[in-house]
>>> print(open('entry_3.pdb').read())   # PDB, C-alpha atoms and all ligand atoms
ATOM      1  CA  MET G 146      -0.857  39.135  94.029  1.00  0.00           C
ATOM      2  CA  ALA G 147      -4.159  37.663  95.125  1.00  0.00           C
ATOM      3  CA  SER G 148      -6.305  39.154  92.398  1.00  0.00           C
ATOM      4  CA  ASP G 149      -3.714  38.474  89.743  1.00  0.00           C
ATOM      5  CA  SER G 150      -3.402  34.786  90.521  1.00  0.00           C
ATOM      6  CA  ARG G 151      -7.121  34.163  90.747  1.00  0.00           C
ATOM      7  CA  LEU G 152      -8.343  31.830  88.029  1.00  0.00           C
ATOM      8  CA  LYS G 153     -10.502  33.288  85.285  1.00  0.00           C
ATOM      9  CA  PRO G 154     -13.705  31.557  84.176  1.00  0.00           C
ATOM     10  CA  GLY G 155     -12.053  30.500  80.915  1.00  0.00           C
ATOM     11  CA  GLU G 156      -9.154  28.963  82.819  1.00  0.00           C
ATOM     12  CA  LEU G 157     -11.499  27.138  85.163  1.00  0.00           C
ATOM     13  CA  GLU G 158     -13.283  25.720  82.143  1.00  0.00           C
ATOM     14  CA  GLY G 159      -9.943  24.492  80.825  1.00  0.00           C
ATOM     15  CA  TYR G 160      -9.213  22.689  84.083  1.00  0.00           C
ATOM     16  CA  ARG G 161     -12.691  21.220  84.112  1.00  0.00           C
ATOM     17  CA  LYS G 162     -12.124  19.783  80.652  1.00  0.00           C
ATOM     18  CA  ALA G 163      -8.738  18.413  81.713  1.00  0.00           C
ATOM     19  CA  LEU G 164     -10.325  16.783  84.769  1.00  0.00           C
ATOM     20  CA  LEU G 165     -13.176  15.264  82.786  1.00  0.00           C
ATOM     21  CA  PHE G 166     -10.727  13.954  80.210  1.00  0.00           C
ATOM     22  CA  LEU G 167      -8.518  12.429  82.911  1.00  0.00           C
ATOM     23  CA  ARG G 168     -11.502  10.865  84.600  1.00  0.00           C
ATOM     24  CA  ALA G 169     -12.719   9.286  81.367  1.00  0.00           C
ATOM     25  CA  ARG G 170      -9.263   7.937  80.627  1.00  0.00           C
ATOM     26  CA  LEU G 171      -8.770   6.538  84.128  1.00  0.00           C
ATOM     27  CA  GLN G 172     -12.171   4.914  84.076  1.00  0.00           C
ATOM     28  CA  GLY G 173     -11.324   3.294  80.748  1.00  0.00           C
ATOM     29  CA  ASP G 174      -8.015   2.068  82.150  1.00  0.00           C
ATOM     30  CA  LEU G 175      -9.708   0.787  85.263  1.00  0.00           C
ATOM     31  CA  ASP G 176     -12.268  -1.187  83.318  1.00  0.00           C
ATOM     32  CA  GLN G 177      -9.514  -2.759  81.285  1.00  0.00           C
ATOM     33  CA  MET G 178      -7.286  -3.533  84.256  1.00  0.00           C
ATOM     34  CA  THR G 179     -10.135  -4.917  86.314  1.00  0.00           C
ATOM     35  CA  GLU G 180     -10.979  -7.202  83.450  1.00  0.00           C
ATOM     36  CA  GLN G 181      -7.384  -8.334  83.144  1.00  0.00           C
ATOM     37  CA  ALA G 182      -7.009  -8.864  86.872  1.00  0.00           C
ATOM     38  CA  LEU G 183     -10.135 -10.979  86.897  1.00  0.00           C
ATOM     39  CA  HIS G 184      -9.546 -12.971  83.754  1.00  0.00           C
ATOM     40  CA  ARG G 185      -5.787 -12.945  83.451  1.00  0.00           C
ATOM     41  CA  GLY G 186      -4.904 -13.492  79.863  1.00  0.00           C
ATOM     42  CA  GLY G 187      -5.735 -12.352  76.398  1.00  0.00           C
ATOM     43  CA  GLU G 188      -8.081 -15.086  75.329  1.00  0.00           C
ATOM     44  CA  GLY G 189     -11.283 -13.546  74.152  1.00  0.00           C
ATOM     45  CA  GLY G 190      -9.900 -10.088  74.775  1.00  0.00           C
ATOM     46  CA  ASN G 191      -9.046  -7.504  72.187  1.00  0.00           C
ATOM     47  CA  GLY G 192      -5.380  -8.449  72.316  1.00  0.00           C
ATOM     48  CA  ASN G 193      -4.329  -5.121  73.756  1.00  0.00           C
ATOM     49  CA  LEU G 194      -2.039  -5.992  76.632  1.00  0.00           C
ATOM     50  CA  SER G 195       0.062  -2.875  76.436  1.00  0.00           C
ATOM     51  CA  THR G 196      -0.967  -1.785  79.924  1.00  0.00           C
ATOM     52  CA  MET G 197       0.456  -5.007  81.389  1.00  0.00           C
ATOM     53  CA  PRO G 198       4.200  -5.196  81.867  1.00  0.00           C
ATOM     54  CA  MET G 199       4.890  -8.527  80.178  1.00  0.00           C
ATOM     55  CA  HIS G 200       8.162  -9.231  81.933  1.00  0.00           C
ATOM     56  CA  LEU G 201       6.301  -9.746  85.186  1.00  0.00           C
ATOM     57  CA  ALA G 202       4.866 -12.914  83.694  1.00  0.00           C
ATOM     58  CA  ASP G 203       8.397 -14.312  83.725  1.00  0.00           C
ATOM     59  CA  LEU G 204       8.399 -14.271  87.494  1.00  0.00           C
ATOM     60  CA  GLY G 205       5.964 -17.114  87.230  1.00  0.00           C
ATOM     61  CA  THR G 206       3.774 -16.028  90.077  1.00  0.00           C
ATOM     62  CA  ASP G 207       0.261 -15.274  89.050  1.00  0.00           C
ATOM     63  CA  ASN G 208      -0.331 -13.756  92.438  1.00  0.00           C
ATOM     64  CA  TYR G 209       2.393 -11.210  92.021  1.00  0.00           C
ATOM     65  CA  GLU G 210       1.018 -10.099  88.704  1.00  0.00           C
ATOM     66  CA  GLN G 211      -2.481  -9.907  90.032  1.00  0.00           C
ATOM     67  CA  GLU G 212      -1.407  -7.946  93.083  1.00  0.00           C
ATOM     68  CA  PHE G 213       0.513  -5.593  90.885  1.00  0.00           C
ATOM     69  CA  THR G 214      -2.569  -4.926  88.813  1.00  0.00           C
ATOM     70  CA  LEU G 215      -4.725  -4.577  91.907  1.00  0.00           C
ATOM     71  CA  GLY G 216      -2.239  -2.038  93.246  1.00  0.00           C
ATOM     72  CA  LEU G 217      -2.562  -0.036  90.058  1.00  0.00           C
ATOM     73  CA  ILE G 218      -6.322  -0.220  90.292  1.00  0.00           C
ATOM     74  CA  GLU G 219      -6.200   1.073  93.849  1.00  0.00           C
ATOM     75  CA  ASN G 220      -4.001   3.984  92.805  1.00  0.00           C
ATOM     76  CA  GLU G 221      -6.298   4.886  89.976  1.00  0.00           C
ATOM     77  CA  GLN G 222      -9.363   4.685  92.167  1.00  0.00           C
ATOM     78  CA  GLU G 223      -7.691   7.074  94.558  1.00  0.00           C
ATOM     79  CA  THR G 224      -6.927   9.455  91.720  1.00  0.00           C
ATOM     80  CA  LEU G 225     -10.510   9.192  90.512  1.00  0.00           C
ATOM     81  CA  GLY G 226     -11.646  10.235  93.977  1.00  0.00           C
ATOM     82  CA  GLU G 227      -9.300  13.221  93.859  1.00  0.00           C
ATOM     83  CA  ILE G 228     -10.690  14.171  90.464  1.00  0.00           C
ATOM     84  CA  SER G 229     -14.281  14.041  91.731  1.00  0.00           C
ATOM     85  CA  GLU G 230     -13.356  16.264  94.642  1.00  0.00           C
ATOM     86  CA  ALA G 231     -11.568  18.686  92.344  1.00  0.00           C
ATOM     87  CA  LEU G 232     -14.687  18.895  90.155  1.00  0.00           C
ATOM     88  CA  ALA G 233     -16.750  19.577  93.275  1.00  0.00           C
ATOM     89  CA  ARG G 234     -14.367  22.384  94.196  1.00  0.00           C
ATOM     90  CA  LEU G 235     -14.730  23.781  90.691  1.00  0.00           C
ATOM     91  CA  ASP G 236     -18.477  23.923  91.190  1.00  0.00           C
ATOM     92  CA  GLY G 237     -18.085  25.319  94.683  1.00  0.00           C
ATOM     93  CA  GLY G 238     -15.697  28.066  93.616  1.00  0.00           C
ATOM     94  CA  THR G 239     -12.783  26.904  95.753  1.00  0.00           C
ATOM     95  CA  TYR G 240     -10.817  25.238  92.962  1.00  0.00           C
ATOM     96  CA  GLY G 241      -7.157  26.232  92.824  1.00  0.00           C
ATOM     97  CA  ILE G 242      -7.055  27.182  96.495  1.00  0.00           C
ATOM     98  CA  CYS G 243      -4.715  25.137  98.646  1.00  0.00           C
ATOM     99  CA  GLY G 244      -6.531  22.979 101.188  1.00  0.00           C
ATOM    100  CA  GLY G 245      -3.610  23.333 103.561  1.00  0.00           C
ATOM    101  CA  CYS G 246      -2.722  27.018 103.691  1.00  0.00           C
ATOM    102  CA  GLY G 247      -5.566  28.645 101.724  1.00  0.00           C
ATOM    103  CA  LYS G 248      -3.266  30.285  99.214  1.00  0.00           C
ATOM    104  CA  PRO G 249      -3.749  29.979  95.448  1.00  0.00           C
ATOM    105  CA  ILE G 250      -2.021  26.960  93.933  1.00  0.00           C
ATOM    106  CA  ALA G 251       0.506  27.820  91.233  1.00  0.00           C
ATOM    107  CA  LYS G 252      -0.957  27.462  87.758  1.00  0.00           C
ATOM    108  CA  ALA G 253       1.984  25.375  86.556  1.00  0.00           C
ATOM    109  CA  ARG G 254       1.167  22.897  89.305  1.00  0.00           C
ATOM    110  CA  LEU G 255      -2.523  22.853  88.427  1.00  0.00           C
ATOM    111  CA  GLN G 256      -1.665  22.244  84.807  1.00  0.00           C
ATOM    112  CA  ALA G 257       0.530  19.291  85.716  1.00  0.00           C
ATOM    113  CA  LEU G 258      -1.820  17.933  88.386  1.00  0.00           C
ATOM    114  CA  PRO G 259      -5.276  19.410  87.835  1.00  0.00           C
ATOM    115  CA  TYR G 260      -6.757  17.383  90.698  1.00  0.00           C
ATOM    116  CA  THR G 261      -4.258  18.439  93.319  1.00  0.00           C
ATOM    117  CA  ARG G 262      -5.644  20.052  96.434  1.00  0.00           C
ATOM    118  CA  TYR G 263      -2.392  21.344  97.882  1.00  0.00           C
ATOM    119  CA  CYS G 264       0.156  23.885  96.835  1.00  0.00           C
ATOM    120  CA  ILE G 265       3.682  22.593  96.370  1.00  0.00           C
ATOM    121  CA  GLU G 266       4.774  23.646  99.866  1.00  0.00           C
ATOM    122  CA  CYS G 267       1.899  21.873 101.585  1.00  0.00           C
ATOM    123  CA  ALA G 268       2.286  18.807  99.366  1.00  0.00           C
ATOM    124  CA  ARG G 269       5.927  18.602 100.387  1.00  0.00           C
ATOM    125  CA  ALA G 270       4.986  18.944 104.008  1.00  0.00           C
ATOM    126  CA  HIS G 271       2.523  16.071 103.583  1.00  0.00           C
ATOM    127  CA  GLU G 272       4.839  13.770 101.700  1.00  0.00           C
ATOM    128  CA  GLY G 273       7.905  14.446 103.770  1.00  0.00           C
ATOM    129  CA  PRO G 274      11.269  15.922 102.826  1.00  0.00           C
ATOM    130  CA  SER G 275      12.192  13.130 100.420  1.00  0.00           C
ATOM    131  CA  ALA G 276       9.646  14.270  97.842  1.00  0.00           C
TER     132      ALA G 276
HETATM  133 ZN    ZN X 301      -0.567  25.316 100.779  1.00  0.00          ZN
END
>>> encode(input="entry_3.pdb", output="structure tokens")
Amino acid sequence: MASDSRLKPGELEGYRKALLFLRARLQGDLDQMTEQALHRGGEGGNGNLSTMPMHLADLGTDNYEQEFTLGLIENEQETLGEISEALARLDGGTYGICGGCGKPIAKARLQALPYTRYCIECARAHEGPSA
């Protein structure tokens, strides 16, 4: 099973492209959200507020909205870090190998989460039984 589940160079290239695409998209999102968190409001912006859930404005607390956005930014920064590490593993030849048990990560999982470093079993062990 080991040799069969090893990723081929063409597959690795596909994951690299997916990772680079994700990274570019997240960085674009981050720039936009950081801007919104700092400036709050569409004045002078490009009018694209689709990433902001508008109903939160009804709560009337600017702080809540800002914290919400900051939370999103934190999440995305974390994901960006994961993506960088995944790209490093691609270069180092360890991409697709679980960091917990050393077994190959299922391709379906890599396709859904190309920056993951754990196989599904280890991820469950990390996140607890509720996940
Ligand atoms: Zn594992």
>>> closest_residue(input="entry_3.pdb", among="G:Lys162, G:Lys248, G:Arg269, G:Arg234", to="ligand ZN 301 (chain X)", atoms="all atoms listed in the file")
G:Lys248
>>> closest_residue(input="entry_3.pdb", among="G:Leu175, G:Ala169, G:Leu217, G:Leu255", to="Tyr240 in chain G", atoms="all atoms listed in the file")
G:Leu255
>>> closest_residue(input="entry_3.pdb", among="G:Glu266, G:Glu230, G:Glu158, G:Glu212", to="ligand ZN 301 (chain X)", atoms="only C-alpha atoms and all ligand atoms")
G:Glu266
>>> residues_near_ligand(input="entry_3.pdb", ligand="ligand ZN 301 (chain X)", cutoff="12 Å", atoms="only C-alpha atoms and all ligand atoms", output="ChimeraX atom specification")
/G:241-251,254,261-271
>>> write_last_selection(input="entry_3.pdb", atoms="C-alpha atoms", output="PDB file, in the frame of the given file")
ATOM      1  CA  GLY G 241      -7.157  26.232  92.824  1.00  0.00           C
ATOM      2  CA  ILE G 242      -7.055  27.182  96.495  1.00  0.00           C
ATOM      3  CA  CYS G 243      -4.715  25.137  98.646  1.00  0.00           C
ATOM      4  CA  GLY G 244      -6.531  22.979 101.188  1.00  0.00           C
ATOM      5  CA  GLY G 245      -3.610  23.333 103.561  1.00  0.00           C
ATOM      6  CA  CYS G 246      -2.722  27.018 103.691  1.00  0.00           C
ATOM      7  CA  GLY G 247      -5.566  28.645 101.724  1.00  0.00           C
ATOM      8  CA  LYS G 248      -3.266  30.285  99.214  1.00  0.00           C
ATOM      9  CA  PRO G 249      -3.749  29.979  95.448  1.00  0.00           C
ATOM     10  CA  ILE G 250      -2.021  26.960  93.933  1.00  0.00           C
ATOM     11  CA  ALA G 251       0.506  27.820  91.233  1.00  0.00           C
ATOM     12  CA  ARG G 254       1.167  22.897  89.305  1.00  0.00           C
ATOM     13  CA  THR G 261      -4.258  18.439  93.319  1.00  0.00           C
ATOM     14  CA  ARG G 262      -5.644  20.052  96.434  1.00  0.00           C
ATOM     15  CA  TYR G 263      -2.392  21.344  97.882  1.00  0.00           C
ATOM     16  CA  CYS G 264       0.156  23.885  96.835  1.00  0.00           C
ATOM     17  CA  ILE G 265       3.682  22.593  96.370  1.00  0.00           C
ATOM     18  CA  GLU G 266       4.774  23.646  99.866  1.00  0.00           C
ATOM     19  CA  CYS G 267       1.899  21.873 101.585  1.00  0.00           C
ATOM     20  CA  ALA G 268       2.286  18.807  99.366  1.00  0.00           C
ATOM     21  CA  ARG G 269       5.927  18.602 100.387  1.00  0.00           C
ATOM     22  CA  ALA G 270       4.986  18.944 104.008  1.00  0.00           C
ATOM     23  CA  HIS G 271       2.523  16.071 103.583  1.00  0.00           C
TER      24      HIS G 271
END
>>> atom_distance(input="entry_3.pdb", atom1="CA of Tyr260 in chain G", atom2="CA of Glu272 in chain G")
16.4 Å
>>> atom_distance(input="entry_3.pdb", atom1="CA of Thr179 in chain G", atom2="CA of Leu235 in chain G")
29.4 Å
>>> atom_distance(input="entry_3.pdb", atom1="CA of Leu152 in chain G", atom2="CA of Ile228 in chain G")
18.0 Å
>>> closest_residue(input="entry_3.pdb", among="G:Glu227, G:Gln222, G:His184, G:Thr239", to="Asp207 in chain G", atoms="all atoms listed in the file")
G:His184
>>> closest_residue(input="entry_3.pdb", among="G:Arg151, G:Glu180, G:Ala163, G:Leu258", to="Thr224 in chain G", atoms="only C-alpha atoms")
G:Leu258
